[in-house]
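Enquirer: Pasting a structure below so you can have a look.
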Amino acid sequence: MPSLGEEEITSLNHLFKIGYLGLGEQVEIFENLISEYLNRDFVAVSSGTSALFLALEACGIGEGDEVIVQSLTYIATYQAILAVGATPISCDVNPTDLSIDLIDVQKKITTKTKAIIPVHYNGNAGKLDELLQLADKNNLRVIEDAAHAFGCKTNNKIIGSFGDITCFSFDPVKSLTCGEGGGISSSDKKLIEHVKTTRFLGIFRSKDDNISGSKSYNDEISTQGWRYHMNNIHATIGIEQFKKFSTIKEKRQKLAKLYNEFLSCISGIELLPFDYNAIIPYLFVLKLKNHKNTDVIRRLKDFNIGSSYHYYPCHLQPLISKNKNEYLPNTEKNYSKLLSLPMHTNLDESHIEHISNSLKKIIDED
């Protein structure tokens, strides 16, 4: 569930009275807020998937190129690679924290490799600094899939404030939502300017055009573009979300720590080694030792508890697996053991206790 309230409703009512709902002043304000927070250039787009696509395209990645990406991710990561015409090269994860496996990455670099996409699973960036060094040595771009990771830190640095290119998602269930949306941060100014043009059908818009909502921009198109810009409706929600993000952050971290406290006594599960002072959990994920996640998900429904698992490995999807016979041991061993429990700011300690006790009952019954 998103953390929405009267602030978003009031701001949206004001926007509707103004009447300009497209790419305008609110998008500019939202971009400036995030840019200041990250201390780096930032451009807002329509989704996390379009952010990945536009970042890949801006890097000149296309047909004949390979992109190394961990398989334990949402299919959107792979779809963005396929959409630019490149080939996703599936990579394994570390079994402990589910971050991209650098040893496997190194094995899979070829002359066709143009980029690496690490996925910051539940906000955890793993050995990102080492990955950046490996990529630099091999002249590769690093496009971080930070869909889970807005506001999270690694080595005391905010994700998206350093590195090459970072892509965010602001969809309804993320820690900060715009209702729908995404964004790209980078210190590569040429890339940022390219994305600002390609996100809006290749049409260049000046800052004054965006603020006024006027259509005085130049309609002479010189580059391929897409309709992947953020609009004022989603930006307005994002602005209000950002104002209370510190409260959202604290609540999510508190809930995750409560889960750890209540679940620590259950012998049939393994808690993941996430630092909830650095991570703002979009999910609460644990590992089941002797149970399949689909069985536990079904049984939790009897306690009126919704749960899920993240994710079915992309290299096993029919879209990706055709004509391939890949084996990623850590990914394949772990995915059927991962369980995601409810995580949103409308929960309180009594909810966490009920969920934890219900899970314990299921585990202990067996």
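Letters A, B, ... mark the chains of the structure tokens in the order given; residue numbers begin at 1 per chain; ligand numbers begin at 1, in order shown.
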Mind dumping a table of every segment 101-206 of chain A residue within 9 Å of segment 46-51 of chain A, with the nearest atom pair and its distance in Å to one decimal, using only C-alpha atoms, sorted by chain and rising number, as a tab-separated table?

Expert:
residue	atom	partner	partner_atom	distance
A:Asp145	CA	A:Gly48	CA	8.3
A:Ala146	CA	A:Gly48	CA	8.6
A:Ala147	CA	A:Gly48	CA	6.3
A:Thr166	CA	A:Ala51	CA	8.9
A:Cys167	CA	A:Ala51	CA	5.7
A:Phe168	CA	A:Gly48	CA	5.5
A:Ser169	CA	A:Gly48	CA	4.1
A:Phe170	CA	A:Ser47	CA	7.0
A:Asp171	CA	A:Ser47	CA	7.1
A:Glu180	CA	A:Ser47	CA	6.2
A:Gly181	CA	A:Ser47	CA	3.9
A:Gly182	CA	A:Ser47	CA	4.0
A:Gly183	CA	A:Ala51	CA	5.7
A:Ile184	CA	A:Ala51	CA	6.0
A:Val195	CA	A:Ala51	CA	8.9
A:Arg199	CA	A:Ser46	CA	8.5

Enquirer: Could you save those same residues with C-alpha atoms as a short mmCIF file (atom, residue, chain, number, x, y, z; two decimals), in the first residue's frame?

Expert:
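For reference, out.cif as written:
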data_model
loop_
_atom_site.label_atom_id
_atom_site.label_comp_id
_atom_site.auth_asym_id
_atom_site.auth_seq_id
_atom_site.Cartn_x
_atom_site.Cartn_y
_atom_site.Cartn_z
CA ASP A 145 18.58 -0.85 -11.37
CA ALA A 146 17.76 0.96 -8.14
CA ALA A 147 14.00 0.45 -8.42
CA THR A 166 21.24 5.07 -11.56
CA CYS A 167 17.62 4.28 -12.47
CA PHE A 168 14.77 4.59 -9.96
CA SER A 169 11.13 3.52 -9.85
CA PHE A 170 8.37 5.52 -8.15
CA ASP A 171 5.49 3.11 -8.76
CA GLU A 180 3.67 5.92 -11.40
CA GLY A 181 7.06 7.16 -12.50
CA GLY A 182 10.79 6.72 -12.62
CA GLY A 183 13.99 8.69 -12.94
CA ILE A 184 17.65 8.68 -13.90
CA VAL A 195 17.34 11.65 -22.02
CA ARG A 199 11.77 11.10 -23.18
#

Enquirer: If DSSP is run on the backbone, what residues of segment 14-69 of chain A are alpha helix (DSSP H)? A reply as a PyMOL selection string would be ideal.

Expert: chain A and resi 14-18+25-38+48-58

Enquirer: Check which residues of segment 104-176 of chain A sit at most 10 Å from segment 240-257 of chain A using only C-alpha atoms, and return one row each with the closest pair of atoms and their distance in Å to one decimal, ordered by chain and rising number, as a tab-separated table.

Expert:
residue	atom	partner	partner_atom	distance
A:Gly151	CA	A:Lys249	CA	8.0
A:Cys152	CA	A:Lys249	CA	9.2
A:Ser175	CA	A:Ile248	CA	7.2
A:Leu176	CA	A:Gln241	CA	6.1

Enquirer: Return the single residue from A:Asp164, A:Glu57, A:Glu130, A:Glu349 that is closest to Gln224 of chain A, with distances computed using only C-alpha atoms.

Expert: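 When distances to Gln224 of chain A are compared using only C-alpha atoms, the smallest one comes from A:Glu57.
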
Enquirer: Tell me which protein, DNA and RNA residues are within 10 Å of Ser99 of chain A, counting only C-alpha atoms, leaving out same-chain ones fewer than 5 positions away, and put them as a list in words.

Expert: Gln70, Leu72, Asp92, Val93, Asn94, Pro118, Val119, His120, Tyr121, Asn122, Gly123, Asn124, Ala125, Gly126, Lys127 and Leu128 of chain A

Enquirer: Taking C-alpha atoms for each residue, export the selection above as a PDB file, in the first residue's frame.

Expert:
ATOM      1  CA  GLN A  70      21.374 -10.600 -12.611  1.00  0.00           C
ATOM      2  CA  LEU A  72      16.892 -12.474  -9.835  1.00  0.00           C
ATOM      3  CA  ASP A  92      24.054 -15.270 -10.747  1.00  0.00           C
ATOM      4  CA  VAL A  93      23.679 -13.639  -7.321  1.00  0.00           C
ATOM      5  CA  ASN A  94      25.515 -13.920  -4.033  1.00  0.00           C
ATOM      6  CA  PRO A 118      23.265  -4.667 -10.971  1.00  0.00           C
ATOM      7  CA  VAL A 119      19.873  -4.863  -9.274  1.00  0.00           C
ATOM      8  CA  HIS A 120      19.791  -3.408  -5.760  1.00  0.00           C
ATOM      9  CA  TYR A 121      17.552  -6.111  -4.362  1.00  0.00           C
ATOM     10  CA  ASN A 122      15.439  -4.629  -1.544  1.00  0.00           C
ATOM     11  CA  GLY A 123      17.747  -1.598  -1.506  1.00  0.00           C
ATOM     12  CA  ASN A 124      20.956  -3.554  -0.925  1.00  0.00           C
ATOM     13  CA  ALA A 125      23.728  -2.493  -3.343  1.00  0.00           C
ATOM     14  CA  GLY A 126      26.134  -5.293  -2.435  1.00  0.00           C
ATOM     15  CA  LYS A 127      29.725  -4.657  -3.542  1.00  0.00           C
ATOM     16  CA  LEU A 128      28.834  -1.722  -5.781  1.00  0.00           C
TER      17      LEU A 128
END

Enquirer: So that I can check the surroundings of segment 34-39 of chain A, please list as number ranges by chain every protein, DNA and RNA residue that reaches within 8 Å of it, counting only C-alpha atoms and ignoring chain neighbours fewer than 3 positions away.

Expert: A: 30-31, 42, 158, 160-161, 185

Enquirer: Taking only C-alpha atoms into account, which of A:Leu258, A:Ile297, A:Ile159, A:Met230 comes nearest Ala278 of chain A?

Expert: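 Under the stated criterion, the closest residue is A:Ile159.
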
Enquirer: What is the distance, in Å and to one decimal place, between atom CA of Gly306 of chain A and atom CA of Lys153 of chain A?

Expert: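 Rounded to one decimal, the two atoms are 28.5 Å apart.
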